[in-house]
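What follows is a short report on a single structure.
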Amino acid sequence: MAESTLPARLPRISPMTFTLLVAAGALLVVSLQQVAPSPAQLAHGGPRMAELVGRMLPPNLEGAFLQRVFWRMIETFQIALVGTVIGVVISLPIAWLSSKAISPAGAFRHVFKMLVSLFRTVPDLVWALIFVASVGLGAVAGTMTIMVDTIGFCGRFFAEAMEDADEKPQEALFAIGASRLSVLCGAVLPDAMPSLINTTLFALEKAVRSSVVLGLVGAGGIGQELKVAFDLFQYKNASTIILVIFIIVLVMEFVTDRLRTRVQ
Amino acid sequence: MSEIICARGVTKKYADGKTVFSGIGLTVSATERVALIGSNGAGKSTLLKCLIGLLPLNGGEVSTLGESIGIRPSSRQLRRLRQRIGVVFQHHGLVSRQSVLTNVVHGKLGLAGAWHAWHQSISRQQWRDDAHEALSQVGLCHKAAARADELSGGQAQRVAIARALVRKPQLLIADEPAASLDPASGRDVMALFSQLSQDSGTTLIYTTHDMDHALEFSDRIIALKSGSVLFDQPTANLTRATLQEAFHG
């Protein structure tokens with residue numbers, strides 16, 4: 001019969017896959033019960049949220065306060081910019097050393113790869129706590145945090161971009177006795193450049209968002225101002241800061257999107 | 001005439017242990033134009049790469065430009081050898097996002113002060129002049145500022161030749177330089193290769209599938225078949241029918 005040759009509507013799954021699916025489902029149900037907001041909590045929290053929003057409005061637009069927020073925002077942007085630039089500069093050699101195809105480090109490339117993984121997997125707020133404890137409160141701790149976070153992010157994607165670079169020019173240059181460094185600078189980096197610039201722009205965008213919250217743990221920037229506003233129940237100040245952050249992040253995304261389009 | 005290449009008992013095996021060729025012996029004299037022919041899998045590209053140390057030998061010995069390449073040559077030895085050769089592959093291997101001039105300047109990589117060859121903008125004036133001269137030899141001076149990915153296949157291969165020539169090599173190696181081109185462009189590239197090597201007195205060794213190219217642009221033809229040398233004779237003694245033996249029957 002023609003029907004017997006048709007494939008099954010659903011693929012057959014093995015008993016092991018079935019067991020794993022059931023276990024994952026059970027874990028989700030238990031987690032929902034334990035950490036998801038209950039209808040009662042939502043009913044209770046909704047009006048309180050509305051009340052908080054009411055206390056936030058209208059935002060504080062006093063000249064002196066806006067000036068303070070402006071300088072804090074400049075500091076935030078400086079943290080993001082300096083941290084990203086230093087991070088990108090350090091990421092390039094680390095990415096080269098950790099990349100599979102072109103690393104001159106041989107088996108030691110795994111050490112660099114693990115270093116990048118360490119930088120990437122530890123959350124930025126944890127790095128901020130470490131640097132605040134090491135170098136004290138303020139923007140320097142924030143800059144170091146962004147730097148490490150950028151190395152974790154760019155180190156990985158730069159390495160992937162280098163590994164994806166066209167191998168034929170590399171082969172041609174190796175054949176005439178070019179060193180690994182010359183092949184990197186002559187063939188790999190030019191080929192990977194659009195990807196490297198894209199990743200850098202994403203890193204900068206990410207750094208601006210991150211540097212906003214670093215102040216919550218004392219690592220400088222506008223986040224510090226936001227924390228003070230909430231701690232002192234100055235909700236109108238807080239709403240102004242949130243609005244400024246929203247605008248800055250939006251502008252940043254717009255600018256980096258335009259730059260990315262130009263690079264393509 | 002002095003010997004540029006002397007190979008004795010050269011053996012090469014694939015990673016799975018299968019022999020590509022064994023016991024190959026050949027000599028190439030200065031200024032000779034040698035065509036290596038054979039069907040797919042005959043091992044001509046592999047032999048070419050073994051002669052300049054791009055692939056390690058499994059047996060035998062090769063002396064190229066006075067550098068002795070055994071089973072385990074040192075990287076310094078290989079570097080020294082490769083500084084004196086020009087290589088062109090079937091695929092031009094140009095850096096697509098760079099200008100033609102930068103790609104030709106890349107031919108100086110491997111020489112002392114190689115970082116000057118990373119990009120034409122930081123290159124020594126002498127190297128820029130050399131690159132310009134090499135481009136004029138292949139008739140592409142007007143494309144110096146163009147990006148490599150804007151070139152046609154034939155133009156790209158000519159730029160690859162310029163890149164090989166810019167270092168003024170003693171030995172030019174070409175692995176099927178015309179294989180990816182249409183017949184007319186392929187013939188142009190081979191004619192250019194042959195002419196430039198004759199003009200500069202450079203030894204030329206190339207692999208080809210094209211019997212016409214081998215007959216027209218070589219002084220000597222070496223045919224490989226089933227892992228050994230089928231014949232090694234001056235081109236003048238060979239006919240198309242003889243060459244066909246390397247590809248068929």
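Following the order of the structure tokens, first chain is A, next is B, and so on, with residues numbered from 1 inside each chain and ligands from 1 in the order they appear.
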For chain A against chain B, which residues fall within 8 Å using only C-alpha atoms, given as a ChimeraX atom specification?
-> /A:168-173,175-179,182,185-187,190-191
Can I get the selected residues back with N, CA and C atoms, as a PDB file, in the first residue's frame?
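Output file again_6.pdb follows:
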ATOM      1  N   LYS A 168      43.420  29.922   1.703  1.00  0.00           N
ATOM      2  CA  LYS A 168      44.276  29.895   0.503  1.00  0.00           C
ATOM      3  C   LYS A 168      45.369  30.969   0.535  1.00  0.00           C
ATOM      4  N   PRO A 169      45.032  32.231   0.877  1.00  0.00           N
ATOM      5  CA  PRO A 169      46.123  33.215   0.977  1.00  0.00           C
ATOM      6  C   PRO A 169      47.150  32.830   2.041  1.00  0.00           C
ATOM      7  N   GLN A 170      46.673  32.236   3.131  1.00  0.00           N
ATOM      8  CA  GLN A 170      47.610  31.821   4.188  1.00  0.00           C
ATOM      9  C   GLN A 170      48.584  30.775   3.659  1.00  0.00           C
ATOM     10  N   GLU A 171      48.033  29.816   2.902  1.00  0.00           N
ATOM     11  CA  GLU A 171      48.865  28.753   2.326  1.00  0.00           C
ATOM     12  C   GLU A 171      49.896  29.356   1.369  1.00  0.00           C
ATOM     13  N   ALA A 172      49.417  30.336   0.551  1.00  0.00           N
ATOM     14  CA  ALA A 172      50.311  30.960  -0.434  1.00  0.00           C
ATOM     15  C   ALA A 172      51.449  31.707   0.270  1.00  0.00           C
ATOM     16  N   LEU A 173      51.149  32.360   1.393  1.00  0.00           N
ATOM     17  CA  LEU A 173      52.182  33.138   2.084  1.00  0.00           C
ATOM     18  C   LEU A 173      53.126  32.229   2.879  1.00  0.00           C
ATOM     19  N   ALA A 175      53.959  29.365   1.944  1.00  0.00           N
ATOM     20  CA  ALA A 175      54.799  28.709   0.931  1.00  0.00           C
ATOM     21  C   ALA A 175      56.018  29.538   0.561  1.00  0.00           C
ATOM     22  N   ILE A 176      55.934  30.862   0.748  1.00  0.00           N
ATOM     23  CA  ILE A 176      57.099  31.686   0.402  1.00  0.00           C
ATOM     24  C   ILE A 176      57.881  32.079   1.649  1.00  0.00           C
ATOM     25  N   GLY A 177      57.642  31.360   2.738  1.00  0.00           N
ATOM     26  CA  GLY A 177      58.473  31.531   3.931  1.00  0.00           C
ATOM     27  C   GLY A 177      57.997  32.592   4.892  1.00  0.00           C
ATOM     28  N   ALA A 178      56.739  33.050   4.750  1.00  0.00           N
ATOM     29  CA  ALA A 178      56.230  34.059   5.690  1.00  0.00           C
ATOM     30  C   ALA A 178      56.081  33.446   7.081  1.00  0.00           C
ATOM     31  N   SER A 179      56.381  34.236   8.108  1.00  0.00           N
ATOM     32  CA  SER A 179      56.235  33.741   9.486  1.00  0.00           C
ATOM     33  C   SER A 179      54.753  33.738   9.858  1.00  0.00           C
ATOM     34  N   SER A 182      53.512  37.215  10.237  1.00  0.00           N
ATOM     35  CA  SER A 182      53.298  37.880   8.949  1.00  0.00           C
ATOM     36  C   SER A 182      52.017  37.376   8.288  1.00  0.00           C
ATOM     37  N   CYS A 185      49.133  39.082  10.076  1.00  0.00           N
ATOM     38  CA  CYS A 185      48.947  40.500   9.743  1.00  0.00           C
ATOM     39  C   CYS A 185      48.678  40.720   8.262  1.00  0.00           C
ATOM     40  N   GLY A 186      49.265  39.870   7.415  1.00  0.00           N
ATOM     41  CA  GLY A 186      49.107  40.065   5.977  1.00  0.00           C
ATOM     42  C   GLY A 186      47.832  39.454   5.417  1.00  0.00           C
ATOM     43  N   ALA A 187      47.415  38.311   5.960  1.00  0.00           N
ATOM     44  CA  ALA A 187      46.295  37.595   5.337  1.00  0.00           C
ATOM     45  C   ALA A 187      45.091  37.403   6.259  1.00  0.00           C
ATOM     46  N   PRO A 190      43.274  41.047   7.654  1.00  0.00           N
ATOM     47  CA  PRO A 190      42.482  41.752   6.639  1.00  0.00           C
ATOM     48  C   PRO A 190      41.214  40.983   6.259  1.00  0.00           C
ATOM     49  N   ASP A 191      41.313  39.661   6.188  1.00  0.00           N
ATOM     50  CA  ASP A 191      40.158  38.859   5.808  1.00  0.00           C
ATOM     51  C   ASP A 191      39.098  38.856   6.912  1.00  0.00           C
TER      52      ASP A 191
END
Can you list every residue in segment 55-137 of chain B that DSSP puts in strand (DSSP E or B), as a VMD selection string?
-> chain B and resid 59 to 64 67 to 69 85 to 88 99
Distance query segment 115-130 of chain A at most 9 Å, only C-alpha atoms, self and fewer than 2 positions along chain excluded, as an NGL selection string | :A and (91 or 94-95 or 98 or 110-113 or 132-135 or 141-142 or 144-146 or 148-156 or 210 or 213-219)
How would the residues just chosen look if you wrote them out with N, CA, C and O atoms as a short mmCIF file (atom, residue, chain, number, x, y, z; two decimals), in the first residue's frame?
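Saved file result-v1.cif follows:
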data_model
loop_
_atom_site.label_atom_id
_atom_site.label_comp_id
_atom_site.auth_asym_id
_atom_site.auth_seq_id
_atom_site.Cartn_x
_atom_site.Cartn_y
_atom_site.Cartn_z
N SER A 91 42.60 41.40 23.51
CA SER A 91 41.91 40.22 22.94
C SER A 91 42.60 39.71 21.68
O SER A 91 42.61 38.50 21.42
N ILE A 94 45.48 37.36 22.32
CA ILE A 94 44.96 36.17 23.02
C ILE A 94 44.16 35.30 22.03
O ILE A 94 44.28 34.07 22.04
N ALA A 95 43.37 35.96 21.18
CA ALA A 95 42.58 35.21 20.19
C ALA A 95 43.51 34.46 19.23
O ALA A 95 43.27 33.31 18.88
N SER A 98 44.97 31.51 20.93
CA SER A 98 44.03 30.44 21.29
C SER A 98 43.33 29.83 20.08
O SER A 98 42.63 28.83 20.22
N HIS A 110 45.33 25.89 24.50
CA HIS A 110 44.22 25.57 25.40
C HIS A 110 44.26 26.42 26.66
O HIS A 110 43.23 26.74 27.25
N VAL A 111 45.47 26.79 27.08
CA VAL A 111 45.61 27.65 28.27
C VAL A 111 44.95 29.01 27.99
O VAL A 111 44.18 29.52 28.82
N PHE A 112 45.22 29.57 26.80
CA PHE A 112 44.64 30.86 26.44
C PHE A 112 43.13 30.74 26.25
O PHE A 112 42.37 31.64 26.60
N LYS A 113 42.72 29.61 25.71
CA LYS A 113 41.29 29.39 25.50
C LYS A 113 40.56 29.32 26.85
O LYS A 113 39.48 29.88 27.02
N VAL A 132 36.57 46.12 42.80
CA VAL A 132 36.29 47.13 43.85
C VAL A 132 37.08 46.76 45.11
O VAL A 132 37.68 47.62 45.76
N ALA A 133 37.10 45.45 45.41
CA ALA A 133 37.87 45.00 46.59
C ALA A 133 39.38 45.18 46.37
O ALA A 133 40.13 45.41 47.33
N SER A 134 39.82 45.10 45.11
CA SER A 134 41.26 45.20 44.82
C SER A 134 41.74 46.64 44.70
O SER A 134 42.74 47.02 45.30
N VAL A 135 41.05 47.43 43.87
CA VAL A 135 41.56 48.79 43.60
C VAL A 135 40.70 49.89 44.22
O VAL A 135 40.99 51.07 44.05
N ALA A 141 37.80 50.60 38.85
CA ALA A 141 37.29 49.23 39.02
C ALA A 141 36.32 48.89 37.89
O ALA A 141 36.33 47.78 37.34
N GLY A 142 35.49 49.87 37.51
CA GLY A 142 34.54 49.68 36.42
C GLY A 142 35.26 49.43 35.10
O GLY A 142 34.90 48.51 34.34
N MET A 144 38.27 48.27 34.64
CA MET A 144 38.92 46.94 34.66
C MET A 144 37.90 45.83 34.43
O MET A 144 38.18 44.83 33.77
N THR A 145 36.72 46.04 34.99
CA THR A 145 35.65 45.04 34.81
C THR A 145 35.27 44.93 33.33
O THR A 145 35.18 43.84 32.77
N ILE A 146 35.06 46.09 32.70
CA ILE A 146 34.68 46.09 31.28
C ILE A 146 35.79 45.47 30.43
O ILE A 146 35.53 44.72 29.48
N VAL A 148 38.01 43.14 31.28
CA VAL A 148 38.01 41.68 31.42
C VAL A 148 36.80 41.07 30.69
O VAL A 148 36.92 40.06 29.98
N ASP A 149 35.67 41.72 30.83
CA ASP A 149 34.45 41.24 30.17
C ASP A 149 34.63 41.27 28.64
O ASP A 149 34.21 40.34 27.94
N THR A 150 35.29 42.33 28.15
CA THR A 150 35.52 42.45 26.70
C THR A 150 36.49 41.37 26.21
O THR A 150 36.29 40.80 25.13
N ILE A 151 37.50 41.08 27.01
CA ILE A 151 38.46 40.02 26.60
C ILE A 151 37.71 38.68 26.49
O ILE A 151 37.90 37.92 25.55
N GLY A 152 36.82 38.43 27.46
CA GLY A 152 36.04 37.19 27.43
C GLY A 152 35.16 37.10 26.20
O GLY A 152 35.03 36.05 25.58
N PHE A 153 34.56 38.23 25.84
CA PHE A 153 33.64 38.27 24.70
C PHE A 153 34.41 38.27 23.37
O PHE A 153 34.20 37.42 22.50
N CYS A 154 35.32 39.25 23.24
CA CYS A 154 36.04 39.40 21.96
C CYS A 154 37.04 38.26 21.75
O CYS A 154 37.25 37.84 20.62
N GLY A 155 37.68 37.81 22.83
CA GLY A 155 38.68 36.75 22.70
C GLY A 155 38.10 35.54 21.98
O GLY A 155 38.74 34.96 21.10
N ARG A 156 36.88 35.20 22.32
CA ARG A 156 36.25 34.04 21.69
C ARG A 156 35.88 34.32 20.24
O ARG A 156 36.20 33.54 19.33
N SER A 210 26.61 47.34 30.32
CA SER A 210 27.20 46.79 31.55
C SER A 210 27.66 47.90 32.48
O SER A 210 27.43 47.84 33.70
N VAL A 213 25.25 49.35 35.04
CA VAL A 213 24.89 48.65 36.28
C VAL A 213 26.08 48.45 37.22
O VAL A 213 25.90 48.11 38.39
N LEU A 214 27.30 48.67 36.73
CA LEU A 214 28.46 48.42 37.59
C LEU A 214 28.47 49.31 38.82
O LEU A 214 28.97 48.92 39.87
N GLY A 215 27.90 50.50 38.67
CA GLY A 215 27.84 51.43 39.79
C GLY A 215 27.07 50.87 40.98
O GLY A 215 27.28 51.29 42.12
N LEU A 216 26.18 49.92 40.71
CA LEU A 216 25.39 49.33 41.80
C LEU A 216 26.28 48.65 42.83
O LEU A 216 25.90 48.51 43.99
N VAL A 217 27.47 48.19 42.39
CA VAL A 217 28.39 47.57 43.36
C VAL A 217 29.59 48.49 43.62
O VAL A 217 30.64 48.05 44.09
N GLY A 218 29.46 49.76 43.26
CA GLY A 218 30.50 50.73 43.61
C GLY A 218 31.60 50.92 42.59
O GLY A 218 32.64 51.49 42.89
N ALA A 219 31.36 50.42 41.35
CA ALA A 219 32.42 50.52 40.35
C ALA A 219 32.24 51.73 39.42
O ALA A 219 32.58 51.68 38.24
#
Within 12 Å of segment 228-237 of chain A, which residues of segment 5-89 of chain A show up? Give each one with its shortest atom-to-atom distance in Å (one decimal) and the two atoms involved, counting only C-alpha atoms, rows by chain then rising residue number, as a tab-separated table.
residue	atom	partner	partner_atom	distance
A:Glu51	CA	A:Tyr235	CA	11.1
A:Leu52	CA	A:Tyr235	CA	7.8
A:Val53	CA	A:Tyr235	CA	8.4
A:Gly54	CA	A:Tyr235	CA	9.3
A:Arg55	CA	A:Tyr235	CA	6.2
A:Met56	CA	A:Lys236	CA	4.4
A:Leu57	CA	A:Lys236	CA	6.0
A:Pro58	CA	A:Lys236	CA	6.4
A:Pro59	CA	A:Lys236	CA	4.6
A:Asn60	CA	A:Lys236	CA	5.1
A:Leu61	CA	A:Asn237	CA	8.3
A:Glu62	CA	A:Asn237	CA	9.5
A:Ala64	CA	A:Asn237	CA	11.7
A:Phe65	CA	A:Asn237	CA	8.0
A:Leu66	CA	A:Asn237	CA	9.2
A:Arg68	CA	A:Asn237	CA	11.0
A:Val69	CA	A:Asn237	CA	9.4
Keeping only N, CA and C atoms, write those residues as a short mmCIF file (atom, residue, chain, number, x, y, z; two decimals), in the first residue's frame.
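Contents of part_16.cif, as written:
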data_model
loop_
_atom_site.label_atom_id
_atom_site.label_comp_id
_atom_site.auth_asym_id
_atom_site.auth_seq_id
_atom_site.Cartn_x
_atom_site.Cartn_y
_atom_site.Cartn_z
N GLU A 51 2.03 52.09 42.12
CA GLU A 51 2.28 53.15 43.11
C GLU A 51 3.71 53.68 42.97
N LEU A 52 4.66 52.73 42.75
CA LEU A 52 6.08 53.11 42.60
C LEU A 52 6.27 53.99 41.35
N VAL A 53 5.62 53.55 40.27
CA VAL A 53 5.72 54.33 39.03
C VAL A 53 5.13 55.72 39.26
N GLY A 54 4.03 55.77 40.00
CA GLY A 54 3.41 57.06 40.31
C GLY A 54 4.37 57.98 41.06
N ARG A 55 5.14 57.37 42.01
CA ARG A 55 6.09 58.17 42.81
C ARG A 55 7.29 58.60 41.97
N MET A 56 7.50 57.89 40.88
CA MET A 56 8.64 58.23 39.99
C MET A 56 8.32 59.41 39.07
N LEU A 57 7.04 59.67 38.91
CA LEU A 57 6.64 60.70 37.94
C LEU A 57 6.28 62.00 38.65
N PRO A 58 6.54 63.15 38.08
CA PRO A 58 7.35 63.33 36.87
C PRO A 58 8.84 63.19 37.21
N PRO A 59 9.66 62.87 36.22
CA PRO A 59 11.10 62.78 36.50
C PRO A 59 11.66 64.12 36.96
N ASN A 60 12.70 64.06 37.75
CA ASN A 60 13.37 65.27 38.25
C ASN A 60 14.17 65.91 37.11
N LEU A 61 13.78 67.11 36.71
CA LEU A 61 14.47 67.79 35.60
C LEU A 61 15.18 69.07 36.06
N GLU A 62 15.49 69.12 37.35
CA GLU A 62 16.23 70.30 37.87
C GLU A 62 17.59 70.40 37.20
N ALA A 64 20.60 71.46 38.19
CA ALA A 64 21.78 70.98 38.93
C ALA A 64 21.83 69.45 38.90
N PHE A 65 20.65 68.82 39.06
CA PHE A 65 20.61 67.35 39.06
C PHE A 65 20.94 66.78 37.67
N LEU A 66 20.37 67.43 36.65
CA LEU A 66 20.63 66.97 35.28
C LEU A 66 22.12 67.09 34.94
N ARG A 68 24.57 66.85 37.08
CA ARG A 68 25.27 65.75 37.78
C ARG A 68 25.11 64.42 37.01
N VAL A 69 23.88 64.21 36.56
CA VAL A 69 23.60 62.99 35.80
C VAL A 69 24.42 62.98 34.50
#
What are the DSSP helix (DSSP H, G or I) residues of segment 25-248 of chain A, as a VMD selection string?
-> chain A and resid 25 to 35 39 to 56 63 to 98 106 to 121 124 to 135 139 to 164 167 to 175 180 to 217 222 to 231 235 to 248
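If you measure from each of A:Pro7, A:Gly220, A:Gly46, A:Pro15 to Val140 of chain A using only C-alpha atoms, the closest one turns out to be A:Gly220.
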Point-to-point distance in Å for atom CA of Cys6 of chain B and atom CA of Leu238 of chain B | 22.9 Å
Quick one: residues within 10 Å of Arg187 of chain B, only C-alpha atoms, excluding same-chain residues fewer than 4 positions away - as an mmCIF file with N, CA and C atoms, in the first residue's frame?
data_model
loop_
_atom_site.group_PDB
_atom_site.id
_atom_site.type_symbol
_atom_site.label_atom_id
_atom_site.label_comp_id
_atom_site.auth_asym_id
_atom_site.auth_seq_id
_atom_site.Cartn_x
_atom_site.Cartn_y
_atom_site.Cartn_z
ATOM 1 N N GLY B 154 41.692 35.435 -14.545
ATOM 2 C CA GLY B 154 42.979 35.545 -15.243
ATOM 3 C C GLY B 154 43.839 36.660 -14.662
ATOM 4 N N ALA B 178 47.070 27.240 -14.502
ATOM 5 C CA ALA B 178 46.044 27.606 -15.478
ATOM 6 C C ALA B 178 44.782 26.762 -15.333
ATOM 7 N N LEU B 181 41.303 28.450 -14.994
ATOM 8 C CA LEU B 181 41.013 29.532 -15.941
ATOM 9 C C LEU B 181 40.415 28.982 -17.238
ATOM 10 N N ASP B 182 39.741 29.858 -17.971
ATOM 11 C CA ASP B 182 39.221 29.426 -19.269
ATOM 12 C C ASP B 182 40.416 29.210 -20.214
ATOM 13 N N PRO B 183 40.224 28.469 -21.331
ATOM 14 C CA PRO B 183 41.377 28.095 -22.176
ATOM 15 C C PRO B 183 42.222 29.291 -22.620
ATOM 16 N N ALA B 191 51.841 31.487 -21.073
ATOM 17 C CA ALA B 191 52.789 32.189 -21.946
ATOM 18 C C ALA B 191 53.553 33.241 -21.146
ATOM 19 N N LEU B 192 52.819 33.933 -20.290
ATOM 20 C CA LEU B 192 53.431 34.969 -19.451
ATOM 21 C C LEU B 192 54.470 34.363 -18.510
ATOM 22 N N PHE B 193 54.064 33.286 -17.871
ATOM 23 C CA PHE B 193 54.963 32.561 -16.968
ATOM 24 C C PHE B 193 56.265 32.192 -17.670
ATOM 25 N N ASP B 210 47.374 19.957 -19.035
ATOM 26 C CA ASP B 210 47.194 20.359 -20.422
ATOM 27 C C ASP B 210 48.432 20.003 -21.253
ATOM 28 N N ASP B 212 49.039 20.571 -24.371
ATOM 29 C CA ASP B 212 49.500 21.681 -25.221
ATOM 30 C C ASP B 212 50.395 22.627 -24.431
ATOM 31 N N HIS B 213 49.976 22.938 -23.192
ATOM 32 C CA HIS B 213 50.798 23.824 -22.338
ATOM 33 C C HIS B 213 52.170 23.192 -22.085
ATOM 34 N N GLU B 216 54.246 23.324 -25.312
ATOM 35 C CA GLU B 216 54.586 24.664 -25.786
ATOM 36 C C GLU B 216 55.492 25.425 -24.813
ATOM 37 N N PHE B 217 55.307 25.197 -23.518
ATOM 38 C CA PHE B 217 55.990 26.072 -22.554
ATOM 39 C C PHE B 217 56.979 25.324 -21.652
#
Can you tell me, as a PDB file with C-alpha atoms, in the first residue's frame, what residues are no more than 9 Å from segment 129-142 of chain B when counting only C-alpha atoms, ignoring any on the same chain fewer than 2 positions away?
ATOM      1  CA  VAL B 100      46.499  44.484  -5.778  1.00  0.00           C
ATOM      2  CA  LEU B 101      49.611  46.439  -4.769  1.00  0.00           C
ATOM      3  CA  THR B 102      49.474  45.119  -1.190  1.00  0.00           C
ATOM      4  CA  VAL B 104      52.160  41.959  -4.672  1.00  0.00           C
ATOM      5  CA  VAL B 105      54.130  43.526  -1.794  1.00  0.00           C
ATOM      6  CA  GLY B 107      55.677  38.603  -2.029  1.00  0.00           C
ATOM      7  CA  ARG B 124      59.764  50.286   1.948  1.00  0.00           C
ATOM      8  CA  GLN B 125      59.918  52.504  -1.142  1.00  0.00           C
ATOM      9  CA  GLN B 126      62.198  49.980  -2.858  1.00  0.00           C
ATOM     10  CA  TRP B 127      59.654  47.220  -2.284  1.00  0.00           C
ATOM     11  CA  ALA B 144      47.436  48.532  -8.508  1.00  0.00           C
ATOM     12  CA  ALA B 145      44.821  50.329  -6.396  1.00  0.00           C
ATOM     13  CA  ALA B 146      41.955  47.937  -7.157  1.00  0.00           C
ATOM     14  CA  GLN B 155      43.933  38.929 -13.782  1.00  0.00           C
ATOM     15  CA  ARG B 158      48.639  37.318 -13.109  1.00  0.00           C
ATOM     16  CA  VAL B 159      48.783  39.237  -9.827  1.00  0.00           C
ATOM     17  CA  ILE B 161      52.585  35.669 -10.680  1.00  0.00           C
ATOM     18  CA  ALA B 162      53.640  39.242  -9.905  1.00  0.00           C
ATOM     19  CA  ARG B 163      53.654  38.352  -6.198  1.00  0.00           C
ATOM     20  CA  ALA B 164      55.928  35.395  -6.972  1.00  0.00           C
ATOM     21  CA  LEU B 165      58.218  37.503  -9.167  1.00  0.00           C
ATOM     22  CA  VAL B 166      58.545  40.494  -6.841  1.00  0.00           C
ATOM     23  CA  ARG B 167      61.078  38.696  -4.659  1.00  0.00           C
ATOM     24  CA  LEU B 192      53.431  34.969 -19.451  1.00  0.00           C
ATOM     25  CA  LEU B 196      59.007  35.999 -17.618  1.00  0.00           C
TER      26      LEU B 196
END
Might you pull out every residue within 10 Å of Phe247 of chain B, with only C-alpha atoms counted and same-chain residues fewer than 6 positions away left off, and present them as a list of chain:residue names?
->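 Final neighbour list, sorted by chain and number: B:Ile37, B:Gly38, B:Ser39, B:Asn40, B:Ala42, B:His209, B:Met211, B:Ala223, B:Leu224, B:Lys225.
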Using the selection just defined, write its residues with all heavy atoms as a CSV table (one decimal), in the first residue's frame.
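Wrote again_27.csv, looks like this:
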chain,number,residue,atom,x,y,z
B,37,ILE,N,53.8,16.3,-15.6
B,37,ILE,CA,52.4,15.9,-16.0
B,37,ILE,C,52.0,14.6,-15.5
B,37,ILE,O,52.9,13.8,-15.0
B,37,ILE,CB,52.3,15.9,-17.6
B,37,ILE,CG1,53.2,14.8,-18.2
B,37,ILE,CG2,52.6,17.2,-18.2
B,37,ILE,CD1,52.9,14.5,-19.6
B,38,GLY,N,50.8,14.3,-15.6
B,38,GLY,CA,50.2,13.0,-15.0
B,38,GLY,C,48.7,13.2,-14.8
B,38,GLY,O,48.3,14.3,-14.6
B,39,SER,N,48.0,12.0,-14.7
B,39,SER,CA,46.6,12.1,-14.4
B,39,SER,C,46.4,12.5,-13.0
B,39,SER,O,47.3,12.5,-12.2
B,39,SER,CB,45.9,10.8,-14.8
B,39,SER,OG,46.6,9.8,-14.1
B,40,ASN,N,45.1,12.7,-12.6
B,40,ASN,CA,44.7,13.0,-11.3
B,40,ASN,C,45.2,11.9,-10.3
B,40,ASN,O,45.0,10.8,-10.6
B,40,ASN,CB,43.2,13.2,-11.1
B,40,ASN,CG,42.7,14.5,-11.7
B,40,ASN,OD1,43.4,15.4,-11.8
B,40,ASN,ND2,41.4,14.5,-12.1
B,42,ALA,N,48.2,11.2,-9.7
B,42,ALA,CA,49.5,10.7,-10.0
B,42,ALA,C,50.6,11.1,-9.0
B,42,ALA,O,51.7,10.5,-8.9
B,42,ALA,CB,49.9,11.1,-11.4
B,209,HIS,N,47.8,19.6,-16.5
B,209,HIS,CA,47.0,18.5,-17.1
B,209,HIS,C,47.0,18.8,-18.6
B,209,HIS,O,46.5,17.9,-19.4
B,209,HIS,CB,45.5,18.6,-16.7
B,209,HIS,CG,45.3,17.9,-15.4
B,209,HIS,ND1,44.8,18.6,-14.3
B,209,HIS,CD2,45.5,16.7,-15.0
B,209,HIS,CE1,44.7,17.7,-13.3
B,209,HIS,NE2,45.1,16.5,-13.7
B,211,MET,N,48.2,19.1,-22.2
B,211,MET,CA,49.4,18.6,-23.0
B,211,MET,C,49.9,19.7,-23.9
B,211,MET,O,51.1,19.8,-24.1
B,211,MET,CB,49.0,17.4,-23.8
B,211,MET,CG,48.8,16.1,-23.0
B,211,MET,SD,48.4,14.7,-23.9
B,211,MET,CE,46.6,14.9,-24.1
B,223,ALA,N,56.9,12.9,-16.7
B,223,ALA,CA,55.5,12.3,-16.6
B,223,ALA,C,55.5,11.3,-15.4
B,223,ALA,O,56.4,10.5,-15.3
B,223,ALA,CB,55.1,11.6,-17.8
B,224,LEU,N,54.5,11.5,-14.5
B,224,LEU,CA,54.4,10.6,-13.4
B,224,LEU,C,53.2,9.6,-13.7
B,224,LEU,O,52.2,10.1,-14.2
B,224,LEU,CB,54.1,11.3,-12.1
B,224,LEU,CG,55.2,12.2,-11.6
B,224,LEU,CD1,54.8,12.9,-10.2
B,224,LEU,CD2,56.5,11.4,-11.3
B,225,LYS,N,53.4,8.4,-13.3
B,225,LYS,CA,52.3,7.4,-13.5
B,225,LYS,C,52.4,6.3,-12.4
B,225,LYS,O,53.5,5.8,-12.3
B,225,LYS,CB,52.3,6.9,-14.9
B,225,LYS,CG,51.0,6.1,-15.2
B,225,LYS,CD,50.9,5.8,-16.6
B,225,LYS,CE,49.5,5.2,-16.9
B,225,LYS,NZ,49.4,4.8,-18.3
Could you check how far atom CA of Ser226 of chain B sits from atom CA of Ser29 of chain B, in Å to one decimal?
->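 Between atom CA of Ser226 of chain B and atom CA of Ser29 of chain B the gap works out to 25.3 Å.
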Gap from atom CA of Ala165 of chain A to atom CA of Thr256 of chain A - Å, one decimal =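 Interatomic distance here is 23.4 Å.
Between Gln90 of chain B and the residues B:Ala15, B:Ile69, B:Ala148, B:Val189, the shortest atom-to-atom distance, using only C-alpha atoms, involves B:Val189.
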Of the candidates B:Ala156, B:Ala214, B:Ala246, B:Ile173, which one gets nearest to Ser185 of chain B if we count only C-alpha atoms?
->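 Checking each candidate against Ser185 of chain B, we get B:Ala156 as the closest.
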Please identify all polymer residues within 12 Å of Leu26 of chain B, counting only C-alpha atoms, omitting same-chain residues fewer than 6 positions from it, and present them as a PyMOL selection string.
-> chain B and resi 3-10+34+36+47-48+51+60-64+220-224+228-229+231-233
